[in-house]
Structures are given as structure tokens and as C-alpha cells.
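Structure data follow from my_file.txt (compact mmCIF, N, CA and C atoms):
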```
# COMPACT_ATOMS: atom_id res chain seq x y z
N MET D 51 -16.37 -53.17 15.86
CA MET D 51 -16.59 -51.79 15.44
C MET D 51 -15.25 -51.14 15.15
N SER D 52 -15.15 -50.48 14.03
CA SER D 52 -13.91 -49.85 13.61
C SER D 52 -13.75 -48.49 14.28
N THR D 53 -12.53 -48.23 14.73
CA THR D 53 -12.25 -46.92 15.33
C THR D 53 -11.42 -46.06 14.39
N ALA D 54 -11.27 -46.50 13.14
CA ALA D 54 -10.49 -45.74 12.17
C ALA D 54 -11.14 -44.40 11.92
N LYS D 55 -10.31 -43.38 11.87
CA LYS D 55 -10.81 -42.03 11.64
C LYS D 55 -10.96 -41.81 10.13
N HIS D 56 -12.13 -41.40 9.73
CA HIS D 56 -12.36 -41.08 8.33
C HIS D 56 -12.08 -39.60 8.13
N THR D 57 -11.18 -39.30 7.23
CA THR D 57 -10.86 -37.90 6.99
C THR D 57 -11.64 -37.39 5.80
N THR D 58 -11.97 -36.14 5.86
CA THR D 58 -12.66 -35.49 4.76
C THR D 58 -11.65 -34.73 3.92
N ALA D 59 -12.09 -34.28 2.76
CA ALA D 59 -11.21 -33.48 1.91
C ALA D 59 -10.76 -32.22 2.64
N ALA D 60 -11.64 -31.63 3.44
CA ALA D 60 -11.28 -30.42 4.21
C ALA D 60 -10.19 -30.73 5.22
N ASP D 61 -10.28 -31.91 5.89
CA ASP D 61 -9.24 -32.32 6.84
C ASP D 61 -7.91 -32.49 6.11
N ASP D 62 -7.95 -33.16 4.96
CA ASP D 62 -6.74 -33.38 4.17
C ASP D 62 -6.13 -32.05 3.75
N GLU D 63 -6.96 -31.13 3.27
CA GLU D 63 -6.45 -29.83 2.84
C GLU D 63 -5.84 -29.05 4.00
N LYS D 64 -6.46 -29.13 5.16
CA LYS D 64 -5.94 -28.42 6.33
C LYS D 64 -4.58 -28.98 6.72
N THR D 65 -4.45 -30.30 6.72
CA THR D 65 -3.19 -30.94 7.07
C THR D 65 -2.09 -30.59 6.07
N VAL D 66 -2.42 -30.66 4.79
CA VAL D 66 -1.43 -30.35 3.75
C VAL D 66 -1.05 -28.87 3.81
N LEU D 67 -2.02 -27.99 4.05
CA LEU D 67 -1.72 -26.56 4.19
C LEU D 67 -0.76 -26.33 5.35
N THR D 68 -0.97 -27.02 6.45
CA THR D 68 -0.08 -26.90 7.60
C THR D 68 1.33 -27.37 7.23
N ASP D 69 1.41 -28.50 6.54
CA ASP D 69 2.71 -29.04 6.11
C ASP D 69 3.44 -28.07 5.19
N ILE D 70 2.74 -27.60 4.16
CA ILE D 70 3.36 -26.70 3.18
C ILE D 70 3.74 -25.37 3.83
N SER D 71 2.89 -24.87 4.71
CA SER D 71 3.21 -23.63 5.42
C SER D 71 4.49 -23.79 6.23
N GLY D 72 4.65 -24.94 6.87
CA GLY D 72 5.87 -25.22 7.62
C GLY D 72 7.10 -25.25 6.73
N MET D 73 6.96 -25.89 5.57
CA MET D 73 8.08 -25.93 4.62
C MET D 73 8.46 -24.52 4.17
N LEU D 74 7.44 -23.72 3.87
CA LEU D 74 7.69 -22.35 3.41
C LEU D 74 8.30 -21.50 4.52
N LYS D 75 7.82 -21.67 5.75
CA LYS D 75 8.38 -20.90 6.87
C LYS D 75 9.85 -21.24 7.08
N ASN D 76 10.19 -22.52 6.93
CA ASN D 76 11.59 -22.92 7.05
C ASN D 76 12.44 -22.24 5.98
N MET D 77 11.93 -22.19 4.76
CA MET D 77 12.66 -21.54 3.67
C MET D 77 12.78 -20.04 3.92
N LEU D 78 11.70 -19.41 4.32
CA LEU D 78 11.69 -17.96 4.53
C LEU D 78 12.53 -17.57 5.74
N ASP D 79 12.65 -18.47 6.70
CA ASP D 79 13.47 -18.20 7.88
C ASP D 79 14.92 -17.95 7.49
N GLU D 80 15.37 -18.62 6.43
CA GLU D 80 16.74 -18.42 5.96
C GLU D 80 16.96 -16.99 5.46
N TYR D 81 15.89 -16.33 5.04
CA TYR D 81 15.96 -14.95 4.56
C TYR D 81 15.59 -13.94 5.65
N GLY D 82 15.32 -14.43 6.85
CA GLY D 82 14.92 -13.55 7.94
C GLY D 82 13.47 -13.10 7.82
N LEU D 83 12.67 -13.87 7.08
CA LEU D 83 11.27 -13.50 6.86
C LEU D 83 10.33 -14.49 7.54
N ASP D 84 10.72 -14.98 8.69
CA ASP D 84 9.93 -16.00 9.37
C ASP D 84 8.65 -15.48 10.00
N ASP D 85 8.44 -14.16 9.99
CA ASP D 85 7.24 -13.60 10.59
C ASP D 85 6.10 -13.42 9.59
N LEU D 86 6.29 -13.82 8.35
CA LEU D 86 5.22 -13.70 7.35
C LEU D 86 4.10 -14.69 7.65
N GLU D 87 2.88 -14.24 7.48
CA GLU D 87 1.71 -15.11 7.65
C GLU D 87 1.50 -15.86 6.33
N ILE D 88 1.39 -17.17 6.41
CA ILE D 88 1.18 -17.98 5.21
C ILE D 88 -0.20 -18.59 5.29
N ALA D 89 -1.02 -18.30 4.29
CA ALA D 89 -2.38 -18.80 4.22
C ALA D 89 -2.64 -19.35 2.82
N ALA D 90 -3.77 -19.97 2.63
CA ALA D 90 -4.12 -20.53 1.32
C ALA D 90 -4.13 -19.45 0.25
N GLU D 91 -4.46 -18.21 0.62
CA GLU D 91 -4.54 -17.11 -0.34
C GLU D 91 -3.18 -16.49 -0.66
N SER D 92 -2.14 -16.86 0.10
CA SER D 92 -0.81 -16.27 -0.11
C SER D 92 -0.28 -16.64 -1.49
N ARG D 93 0.20 -15.62 -2.20
CA ARG D 93 0.77 -15.83 -3.53
C ARG D 93 2.28 -16.04 -3.39
N PHE D 94 2.79 -17.05 -4.08
CA PHE D 94 4.20 -17.38 -3.98
C PHE D 94 5.10 -16.22 -4.38
N MET D 95 4.79 -15.58 -5.49
CA MET D 95 5.66 -14.52 -6.01
C MET D 95 5.39 -13.19 -5.31
N GLU D 96 4.15 -12.76 -5.29
CA GLU D 96 3.80 -11.43 -4.80
C GLU D 96 3.89 -11.30 -3.28
N ASP D 97 3.30 -12.25 -2.55
CA ASP D 97 3.22 -12.13 -1.09
C ASP D 97 4.45 -12.71 -0.38
N LEU D 98 4.95 -13.85 -0.88
CA LEU D 98 6.06 -14.52 -0.21
C LEU D 98 7.41 -14.19 -0.85
N ASP D 99 7.37 -13.53 -2.00
CA ASP D 99 8.58 -13.08 -2.69
C ASP D 99 9.53 -14.23 -3.00
N LEU D 100 8.97 -15.39 -3.37
CA LEU D 100 9.80 -16.54 -3.71
C LEU D 100 10.30 -16.44 -5.14
N GLU D 101 11.48 -16.96 -5.37
CA GLU D 101 12.06 -16.99 -6.69
C GLU D 101 12.07 -18.44 -7.18
N SER D 102 12.45 -18.63 -8.43
CA SER D 102 12.40 -19.96 -9.02
C SER D 102 13.25 -20.96 -8.24
N ILE D 103 14.40 -20.54 -7.72
CA ILE D 103 15.25 -21.45 -6.96
C ILE D 103 14.54 -21.90 -5.69
N ASP D 104 13.72 -21.03 -5.11
CA ASP D 104 12.95 -21.39 -3.92
C ASP D 104 11.91 -22.46 -4.26
N LEU D 105 11.35 -22.38 -5.45
CA LEU D 105 10.37 -23.38 -5.87
C LEU D 105 11.05 -24.73 -6.08
N VAL D 106 12.29 -24.72 -6.53
CA VAL D 106 13.05 -25.97 -6.67
C VAL D 106 13.26 -26.60 -5.29
N THR D 107 13.61 -25.77 -4.32
CA THR D 107 13.78 -26.25 -2.95
C THR D 107 12.47 -26.80 -2.41
N LEU D 108 11.39 -26.08 -2.66
CA LEU D 108 10.07 -26.53 -2.22
C LEU D 108 9.70 -27.86 -2.88
N ALA D 109 10.02 -28.00 -4.16
CA ALA D 109 9.72 -29.24 -4.88
C ALA D 109 10.41 -30.42 -4.20
N GLY D 110 11.67 -30.23 -3.80
CA GLY D 110 12.40 -31.29 -3.10
C GLY D 110 11.76 -31.63 -1.76
N SER D 111 11.33 -30.61 -1.04
CA SER D 111 10.68 -30.83 0.25
C SER D 111 9.36 -31.57 0.08
N LEU D 112 8.61 -31.21 -0.95
CA LEU D 112 7.33 -31.88 -1.21
C LEU D 112 7.54 -33.36 -1.54
N GLN D 113 8.53 -33.64 -2.38
CA GLN D 113 8.78 -35.04 -2.73
C GLN D 113 9.30 -35.84 -1.54
N ALA D 114 10.13 -35.20 -0.70
CA ALA D 114 10.62 -35.89 0.49
C ALA D 114 9.46 -36.22 1.44
N ARG D 115 8.50 -35.32 1.54
CA ARG D 115 7.37 -35.51 2.47
C ARG D 115 6.31 -36.44 1.90
N TYR D 116 5.96 -36.27 0.62
CA TYR D 116 4.80 -36.96 0.05
C TYR D 116 5.15 -38.04 -0.98
N GLY D 117 6.38 -38.08 -1.44
CA GLY D 117 6.77 -39.08 -2.42
C GLY D 117 6.76 -38.53 -3.83
N PRO D 118 7.19 -39.36 -4.78
CA PRO D 118 7.37 -38.91 -6.16
C PRO D 118 6.07 -38.56 -6.90
N GLN D 119 4.94 -38.97 -6.35
CA GLN D 119 3.67 -38.64 -7.02
C GLN D 119 3.35 -37.15 -6.95
N VAL D 120 4.02 -36.43 -6.05
CA VAL D 120 3.83 -34.97 -5.95
C VAL D 120 5.01 -34.33 -6.67
N ASN D 121 4.75 -33.89 -7.90
CA ASN D 121 5.79 -33.36 -8.77
C ASN D 121 5.48 -31.90 -9.07
N LEU D 122 6.11 -31.00 -8.34
CA LEU D 122 5.84 -29.57 -8.49
C LEU D 122 6.19 -29.08 -9.89
N ALA D 123 7.29 -29.56 -10.46
CA ALA D 123 7.68 -29.13 -11.81
C ALA D 123 6.61 -29.50 -12.83
N GLU D 124 6.07 -30.69 -12.70
CA GLU D 124 5.00 -31.14 -13.60
C GLU D 124 3.75 -30.28 -13.43
N PHE D 125 3.42 -29.96 -12.18
CA PHE D 125 2.26 -29.13 -11.89
C PHE D 125 2.41 -27.75 -12.52
N VAL D 126 3.57 -27.12 -12.31
CA VAL D 126 3.81 -25.78 -12.83
C VAL D 126 3.86 -25.79 -14.36
N ALA D 127 4.40 -26.86 -14.94
CA ALA D 127 4.49 -26.95 -16.40
C ALA D 127 3.10 -26.94 -17.06
N GLY D 128 2.09 -27.37 -16.33
CA GLY D 128 0.73 -27.40 -16.86
C GLY D 128 -0.02 -26.08 -16.72
N LEU D 129 0.64 -25.05 -16.19
CA LEU D 129 0.00 -23.77 -15.97
C LEU D 129 0.40 -22.75 -17.03
N GLU D 130 -0.48 -21.79 -17.27
CA GLU D 130 -0.17 -20.65 -18.13
C GLU D 130 0.70 -19.68 -17.34
N LEU D 131 1.41 -18.79 -18.03
CA LEU D 131 2.31 -17.85 -17.37
C LEU D 131 1.60 -17.01 -16.31
N ASP D 132 0.41 -16.49 -16.63
CA ASP D 132 -0.30 -15.66 -15.65
C ASP D 132 -0.74 -16.49 -14.44
N GLU D 133 -1.01 -17.78 -14.63
CA GLU D 133 -1.36 -18.65 -13.50
C GLU D 133 -0.13 -18.90 -12.61
N ILE D 134 1.04 -19.01 -13.22
CA ILE D 134 2.27 -19.21 -12.46
C ILE D 134 2.56 -17.96 -11.63
N ILE D 135 2.41 -16.81 -12.24
CA ILE D 135 2.67 -15.54 -11.54
C ILE D 135 1.72 -15.38 -10.36
N ASP D 136 0.48 -15.81 -10.52
CA ASP D 136 -0.55 -15.65 -9.48
C ASP D 136 -0.73 -16.92 -8.63
N LEU D 137 0.21 -17.85 -8.72
CA LEU D 137 0.07 -19.12 -8.00
C LEU D 137 -0.03 -18.88 -6.50
N ARG D 138 -1.04 -19.48 -5.91
CA ARG D 138 -1.29 -19.32 -4.48
C ARG D 138 -1.02 -20.64 -3.75
N VAL D 139 -0.75 -20.54 -2.49
CA VAL D 139 -0.48 -21.72 -1.67
C VAL D 139 -1.66 -22.69 -1.75
N GLY D 140 -2.87 -22.16 -1.75
CA GLY D 140 -4.07 -23.01 -1.83
C GLY D 140 -4.13 -23.84 -3.10
N HIS D 141 -3.64 -23.30 -4.21
CA HIS D 141 -3.61 -24.07 -5.46
C HIS D 141 -2.69 -25.27 -5.31
N LEU D 142 -1.54 -25.05 -4.69
CA LEU D 142 -0.60 -26.14 -4.46
C LEU D 142 -1.19 -27.17 -3.50
N VAL D 143 -1.87 -26.72 -2.48
CA VAL D 143 -2.51 -27.63 -1.53
C VAL D 143 -3.51 -28.53 -2.26
N GLU D 144 -4.33 -27.95 -3.12
CA GLU D 144 -5.32 -28.73 -3.87
C GLU D 144 -4.62 -29.76 -4.75
N TYR D 145 -3.52 -29.35 -5.39
CA TYR D 145 -2.77 -30.27 -6.24
C TYR D 145 -2.22 -31.45 -5.42
N VAL D 146 -1.61 -31.15 -4.28
CA VAL D 146 -1.02 -32.20 -3.44
C VAL D 146 -2.10 -33.15 -2.95
N VAL D 147 -3.21 -32.63 -2.47
CA VAL D 147 -4.31 -33.48 -1.99
C VAL D 147 -4.81 -34.37 -3.13
N GLY D 148 -4.93 -33.81 -4.32
CA GLY D 148 -5.34 -34.61 -5.49
C GLY D 148 -4.37 -35.72 -5.80
N CYS D 149 -3.08 -35.43 -5.73
CA CYS D 149 -2.04 -36.45 -5.98
C CYS D 149 -2.11 -37.56 -4.95
N LEU D 150 -2.31 -37.18 -3.70
CA LEU D 150 -2.37 -38.18 -2.63
C LEU D 150 -3.61 -39.06 -2.78
N LYS D 151 -4.72 -38.48 -3.14
CA LYS D 151 -5.94 -39.26 -3.34
C LYS D 151 -5.79 -40.22 -4.52
N THR D 152 -5.15 -39.74 -5.59
CA THR D 152 -4.90 -40.60 -6.75
C THR D 152 -4.01 -41.75 -6.36
N ALA D 153 -2.97 -41.49 -5.57
CA ALA D 153 -2.04 -42.53 -5.15
C ALA D 153 -2.75 -43.56 -4.25
N GLU D 154 -3.67 -43.10 -3.41
CA GLU D 154 -4.42 -44.02 -2.55
C GLU D 154 -5.31 -44.92 -3.36
N GLY D 155 -5.85 -44.41 -4.46
CA GLY D 155 -6.75 -45.19 -5.30
C GLY D 155 -6.04 -46.18 -6.19
N SER D 156 -4.72 -46.08 -6.30
CA SER D 156 -3.95 -46.95 -7.17
C SER D 156 -3.80 -48.34 -6.60
```

Translate this file's structure into C-alpha cells.
Amino acid sequence: MSTAKHTTAADDEKTVLTDISGMLKNMLDEYGLDDLEIAAESRFMEDLDLESIDLVTLAGSLQARYGPQVNLAEFVAGLELDEIIDLRVGHLVEYVVGCLKTAEGS
């Protein structure tokens, strides 16, 4: 009998959200903003006040954690301007989970 734990998409999303929230908290801590609440609904620009250089830093953290299959620049390049402005943490979580699932299926 196998004791392997089967994860669901919700489990994967929760784990990735926790990981990304930690990355963002580390970045925001440098600005003295470590008390901000980060949730799936948090907007990168409006709520977290991140700038493009912060997204570059986040991209590096994502690749270090998940590998080259998670390419934030590629993800953002596929968005319209209004989607970039309104980009939420949950959108990034969905993208990362999708990349990881694709990599597992390869």
C-alpha cells in the first residue's frame, strides 16, 4: 500500500502562495514594509507598491526556488498593460502552479 501523499491543485496553490508571500515579505522588509498582509488578492503595484526592479528581484527568487520553467518576464510579456497594472499575487500563483504541473508532465 502506498503512503504517498496526493496533492490537489488547491494544496499546490496554497504552498506556492506561501512561498511567494515569503519572497515578497523578504523584499518588502528591506523597505520597512514587513507588516503588510499579502494575500492572493494583493495587487503588486497598488497594494504592495512594487516597482519594476522589484519584479526583477522576484523573478530571480522564483527561478531560484522553482527552476527555469518559471519565467516571470515571459509571463508578464504575455499580458496587456491593464493586466500588468492590476496583476495580483493569485495570478502569479496560478502561473507558477501551471508551470510546475507542465514540468511534471514532461

Original post:
Expressed in Å to a single decimal, how great is the separation between atom N of Leu122 in chain D and atom C of Val146 in chain D?
Top reply: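 It comes out at 10.1 Å.
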
Original post:
For the atom pair atom N of Leu131 in chain D and atom N of Met95 in chain D, what is the interatomic distance in Å to one decimal place?
Top reply: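 These atoms are spaced 13.4 Å apart.
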
Shell of 6.5 Å around range 111-120 of chain D, only N, CA and C atoms, local chain residues under 4 positions omitted, as a CSV table (one decimal) with N, CA and C atoms, in the coordinates of the input:
```
chain,number,residue,atom,x,y,z
D,106,VAL,N,12.3,-24.7,-6.5
D,106,VAL,CA,13.0,-26.0,-6.7
D,106,VAL,C,13.3,-26.6,-5.3
D,107,THR,N,13.6,-25.8,-4.3
D,107,THR,CA,13.8,-26.2,-3.0
D,107,THR,C,12.5,-26.8,-2.4
D,146,VAL,N,-1.6,-31.2,-4.3
D,146,VAL,CA,-1.0,-32.2,-3.4
D,146,VAL,C,-2.1,-33.2,-3.0
D,149,CYS,N,-3.1,-35.4,-5.7
D,149,CYS,CA,-2.0,-36.4,-6.0
D,149,CYS,C,-2.1,-37.6,-5.0
```

**OP:** Within 8 Å of Tyr145 in chain D, counting only N, CA and C atoms, which residues show up once you throw out same-chain ones fewer than 5 positions away? Write them as a PyMOL selection string, please.
**Re:** chain D and resi 120-121+125+139-140+150-151

**OP:** Measure the distance from CA of Glu154 in chain D to atom N of Ala123 in chain D in Å and round it to one decimal.
**Re:**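 Atom N of Ala123 in chain D lies 20.2 Å from CA of Glu154 in chain D.
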
If I wrap all listed atoms of range 87-105 of chain D in a box with edges along x, y and z and add 4 Å on each side, what are its centre and edge lengths in Å to one decimal, as lines of an AutoDock Vina configuration file?
```
center_x = 5.4
center_y = -18.0
center_z = -0.7
size_x = 27.8
size_y = 21.4
size_z = 24.7
```

Any chance you could tabulate, as CSV, the residues of range 81-125 of chain D at most 7 Å from range 71-76 of chain D with each one's nearest atom pair and distance in Å to one decimal, using only N, CA and C atoms, in chain and rising number order?
```
residue,atom,partner,partner_atom,distance
D:Tyr81,N,D:Asn76,C,6.9
D:Leu83,C,D:Lys75,CA,6.7
D:Asp84,CA,D:Lys75,CA,5.7
D:Ile88,CA,D:Ser71,CA,6.0
D:Ala89,N,D:Ser71,CA,6.9
D:Leu108,CA,D:Met73,C,6.9
```

Subject >> Residues near Val66 in chain D, cut-off 8 Å, all atoms listed in the file, skip fewer than 6 positions along chain, as a PyMOL selection string >> reply: chain D and resi 60+72+142-144+146-147

Residue selection dump (N, CA and C atoms) as a JSON list (two decimals), keeping the file's coordinate frame:
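As a result, again_25.json now contains:
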```
[["chain", "number", "residue", "atom", "x", "y", "z"],
["D", 60, "ALA", "N", -11.64, -31.63, 3.44],
["D", 60, "ALA", "CA", -11.28, -30.42, 4.21],
["D", 60, "ALA", "C", -10.19, -30.73, 5.22],
["D", 72, "GLY", "N", 4.65, -24.94, 6.87],
["D", 72, "GLY", "CA", 5.87, -25.22, 7.62],
["D", 72, "GLY", "C", 7.10, -25.25, 6.73],
["D", 142, "LEU", "N", -1.54, -25.05, -4.69],
["D", 142, "LEU", "CA", -0.60, -26.14, -4.46],
["D", 142, "LEU", "C", -1.19, -27.17, -3.50],
["D", 143, "VAL", "N", -1.87, -26.72, -2.48],
["D", 143, "VAL", "CA", -2.51, -27.63, -1.53],
["D", 143, "VAL", "C", -3.51, -28.53, -2.26],
["D", 144, "GLU", "N", -4.33, -27.95, -3.12],
["D", 144, "GLU", "CA", -5.32, -28.73, -3.87],
["D", 144, "GLU", "C", -4.62, -29.76, -4.75],
["D", 146, "VAL", "N", -1.61, -31.15, -4.28],
["D", 146, "VAL", "CA", -1.02, -32.20, -3.44],
["D", 146, "VAL", "C", -2.10, -33.15, -2.95],
["D", 147, "VAL", "N", -3.21, -32.63, -2.47],
["D", 147, "VAL", "CA", -4.31, -33.48, -1.99],
["D", 147, "VAL", "C", -4.81, -34.37, -3.13]]
```

**OP:** Please identify which residues in chain D DSSP calls helix (DSSP H, G or I) from the backbone, and express them as a PyMOL selection string.
**Re:** chain D and resi 59-79+102-116+122-127+131-135+139-155

**OP:** For His141 in chain D, work out the shell of residues within 10 Å, counting only C-alpha atoms and skipping chain neighbours fewer than 6 positions away, then give it as a list in words.
**Re:**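 Answer for this query is Ala90, Glu91, Ser92, Arg93 and Glu133 of chain D.
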